[in-house]
Structure formats: structure tokens, C-alpha cells
Amino acid sequence: MPGTGKKKPAMSPSPARRAELLAVAADVFAEQGYSATTVRQIADAAGMLAGSLYYHFDSKESMLDEILSGFLDELWAGYDAVLEADLAPRATIEALVTESFREIDRHRAAVAIYQKESRQLSAQPRFAYLAAAQEKFEKAWLGTLERGVAAHAFRADLDARLTYRFVRDTVWVAASWYRPGGQHSPEEIARQYLSMVLDGIAVQT
């Protein structure tokens, strides 16, 4: 009421609007690179003034942090569910690959940013969790491959670390070409990849 001397509470930014702006920022970061991107460019892509963007985020670093941490939190929620299911080694690999393609479908730009920027960013204290995530990721995949060799589900001569790198790069590089809503679903792409990785491409004789 007028004359009471009380200030109206500040309106909090809408979570939906924040998510929309983060999606725009992720696309710009993925296309141009984090260092080359300015707040003004993100604002332009979002159809707003650069100053208005600061109402939602205090810096482009904060935006990048939310993009990457949100992607990794969701990725690990899916991975942890797979790893805790106590599946056989081959079934675990199949589930991890499928979950990875689902994440590419949901967070393609974030995956592309992670692929290009994580090594350099992880040297900064704010992004130290990127290095920890990479170690956890490697441990999950290597552990599954080694368990498969020990259980005779995978070849005895398999180099687990080389195989891990091959599967990792083969899967995540898909973020460079994958577009949501395309001809194939994430699950179908995962099935095709798994067929090639686990069974090869040559006709069995």
C-alpha cells in the first residue's frame, strides 16, 4: 500500500526462463567456444539486452557452470542407476551406451562443450569437478570391461583401457553430428553402435 514504507519483494527469475536462457547459451558456447563467446552474443541469440541477462546470471562463467554441472548430475543419475542394478558386464555396457545416447539427445550442446572445453576448464577451481567426473567415468567403464574379461564375457586378450577409449570416443563424438528429432531415436542409434562394437561389422562365418 502507498505510504507504508515497505518495499515490494524482488521478483525471482522464472526457472523456465533460466532454463531457456541456459539452452541458448549452451548452443552458442558449443558453436563458438566458451572463450570466444561474449555475454552480448548470448543475449543477442536470446533476443534480449545484455544487461537484462545479468538479471538471471551474474556472469557467463555461472551460465557455463550450470550447463555442465546440470548435464553431469543427470548423466550420473542415469549411470549410477545402471551400475547399481548389478547387471552382467555386457548388459552393463549396453545400458551405459544407451544412457549416453539419451544424454546426447537431451544435452547435445552441453556434451559438445564438455568434449571441447573440459580439459582446459578443469584447471580452474570452479570447474575442478570436471576432472573428478572424468576419473569417475573412467573407473565405471574400465571396471565393467575388466569385470567382463574376468567373467569370460569379453575376450581374454582385450586391452581394457584401449577399449574404453575407443568406446568413449565413438559414443561421445556423436554429439558433433546428432540432432534431436532425427531419423533414429537415441535407443536405435545405441543399438546400432553396440552391434558394431560388440559384434563387429563383418559377416560371421
# chains A, B, ... in the order shown; residues from 1 in each chain; ligands from 1
>>> residues_around(residues="segment 93-108 of chain A", least_positions_apart="4", cutoff="8 Å", atoms="only C-alpha atoms", output="mmCIF file with N, CA and C atoms, in the first residue's frame")
data_model
loop_
_atom_site.group_PDB
_atom_site.id
_atom_site.type_symbol
_atom_site.label_atom_id
_atom_site.label_comp_id
_atom_site.auth_asym_id
_atom_site.auth_seq_id
_atom_site.Cartn_x
_atom_site.Cartn_y
_atom_site.Cartn_z
ATOM 1 N N PHE A 71 24.244 -31.088 -16.654
ATOM 2 C CA PHE A 71 24.430 -32.245 -17.539
ATOM 3 C C PHE A 71 25.062 -33.408 -16.794
ATOM 4 N N GLU A 74 22.751 -35.147 -14.218
ATOM 5 C CA GLU A 74 21.758 -36.017 -14.852
ATOM 6 C C GLU A 74 22.417 -37.264 -15.432
ATOM 7 N N LEU A 75 23.596 -37.098 -16.014
ATOM 8 C CA LEU A 75 24.326 -38.246 -16.553
ATOM 9 C C LEU A 75 24.615 -39.263 -15.460
ATOM 10 N N GLY A 78 21.712 -41.351 -14.189
ATOM 11 C CA GLY A 78 21.457 -42.485 -15.065
ATOM 12 C C GLY A 78 22.513 -43.566 -14.953
ATOM 13 N N TYR A 79 23.777 -43.160 -14.941
ATOM 14 C CA TYR A 79 24.864 -44.135 -14.834
ATOM 15 C C TYR A 79 24.801 -44.891 -13.508
ATOM 16 N N VAL A 82 22.326 -47.601 -13.508
ATOM 17 C CA VAL A 82 22.813 -48.766 -14.256
ATOM 18 C C VAL A 82 23.799 -49.572 -13.419
ATOM 19 N N PRO A 89 28.271 -57.991 -17.198
ATOM 20 C CA PRO A 89 29.139 -56.995 -17.852
ATOM 21 C C PRO A 89 28.640 -56.512 -19.207
ATOM 22 N N ALA A 112 28.903 -31.400 -26.235
ATOM 23 C CA ALA A 112 29.900 -30.817 -27.135
ATOM 24 C C ALA A 112 30.834 -29.879 -26.383
ATOM 25 N N TRP A 141 33.642 -47.347 -16.533
ATOM 26 C CA TRP A 141 33.771 -48.095 -17.783
ATOM 27 C C TRP A 141 34.889 -49.135 -17.708
ATOM 28 N N THR A 144 33.879 -52.119 -15.571
ATOM 29 C CA THR A 144 32.938 -53.012 -16.245
ATOM 30 C C THR A 144 33.645 -53.877 -17.277
ATOM 31 N N LEU A 145 34.553 -53.269 -18.057
ATOM 32 C CA LEU A 145 35.290 -54.040 -19.059
ATOM 33 C C LEU A 145 36.181 -55.094 -18.407
ATOM 34 N N VAL A 171 31.269 -43.084 -28.886
ATOM 35 C CA VAL A 171 29.940 -42.669 -28.429
ATOM 36 C C VAL A 171 29.822 -41.148 -28.373
ATOM 37 N N TRP A 172 30.741 -40.493 -27.661
ATOM 38 C CA TRP A 172 30.536 -39.077 -27.369
ATOM 39 C C TRP A 172 30.798 -38.157 -28.558
ATOM 40 N N ALA A 174 29.465 -38.448 -31.212
ATOM 41 C CA ALA A 174 28.164 -38.321 -31.879
ATOM 42 C C ALA A 174 27.509 -36.980 -31.599
ATOM 43 N N ALA A 175 27.899 -36.328 -30.513
ATOM 44 C CA ALA A 175 27.340 -35.001 -30.212
ATOM 45 C C ALA A 175 27.659 -33.992 -31.306
ATOM 46 N N TYR A 178 24.827 -35.405 -34.091
ATOM 47 C CA TYR A 178 23.469 -35.784 -33.713
ATOM 48 C C TYR A 178 22.567 -34.563 -33.561
ATOM 49 N N ARG A 179 21.340 -34.677 -34.023
ATOM 50 C CA ARG A 179 20.337 -33.643 -33.833
ATOM 51 C C ARG A 179 19.058 -34.297 -33.317
ATOM 52 N N PRO A 180 18.529 -33.811 -32.199
ATOM 53 C CA PRO A 180 17.278 -34.387 -31.669
ATOM 54 C C PRO A 180 16.165 -34.355 -32.713
ATOM 55 N N PRO A 186 17.558 -42.133 -29.916
ATOM 56 C CA PRO A 186 18.807 -42.429 -29.204
ATOM 57 C C PRO A 186 18.980 -43.926 -28.957
ATOM 58 N N GLU A 187 17.884 -44.601 -28.639
ATOM 59 C CA GLU A 187 17.958 -46.040 -28.371
ATOM 60 C C GLU A 187 18.336 -46.836 -29.622
ATOM 61 N N ILE A 189 20.086 -45.646 -32.225
ATOM 62 C CA ILE A 189 21.500 -45.364 -32.509
ATOM 63 C C ILE A 189 22.387 -46.180 -31.572
ATOM 64 N N ALA A 190 22.017 -46.249 -30.297
ATOM 65 C CA ALA A 190 22.782 -47.048 -29.336
ATOM 66 C C ALA A 190 22.810 -48.510 -29.765
ATOM 67 N N ARG A 191 21.663 -49.034 -30.221
ATOM 68 C CA ARG A 191 21.606 -50.436 -30.649
ATOM 69 C C ARG A 191 22.551 -50.695 -31.821
ATOM 70 N N LEU A 194 26.184 -50.498 -30.563
ATOM 71 C CA LEU A 194 26.520 -51.683 -29.775
ATOM 72 C C LEU A 194 26.714 -52.904 -30.657
#
>>> select_by_dssp(residues="segment 9-186 of chain A", states="alpha helix (DSSP H)", output="PyMOL selection string")
chain A and resi 15-32+39-46+50-53+60-84+89-106+108-121+129-150+160-172+186
>>> residues_around(residues="segment 122-132 of chain A", least_positions_apart="4", cutoff="8 Å", atoms="only C-alpha atoms", output="number ranges by chain")
A: 65, 118, 136
>>> closest_residue(among="A:Glu31, A:Glu117, A:Asp86, A:Asp157", to="Leu68 of chain A", atoms="only C-alpha atoms")
A:Glu117
>>> atom_distance(atom1="atom CA of Pro15 of chain A", atom2="atom CA of Leu49 of chain A")
19.0 Å
>>> closest_residue(among="A:Ala30, A:Val39, A:Ala140, A:Leu87", to="Val111 of chain A", atoms="only C-alpha atoms")
A:Ala30
>>> residues_around(residues="Thr38 of chain A", least_positions_apart="6", cutoff="10 Å", atoms="only C-alpha atoms", output="PyMOL selection string")
chain A and resi 25+28-29+32+44+50+59-60
>>> atom_distance(atom1="atom CA of Arg168 of chain A", atom2="atom CA of Ala110 of chain A")
16.1 Å
>>> atom_distance(atom1="atom CA of Gly33 of chain A", atom2="atom CA of Lys116 of chain A")
8.0 Å
>>> closest_residue(among="A:Ala91, A:Ile67, A:Leu83, A:Leu21", to="Ala45 of chain A", atoms="only C-alpha atoms")
A:Leu21
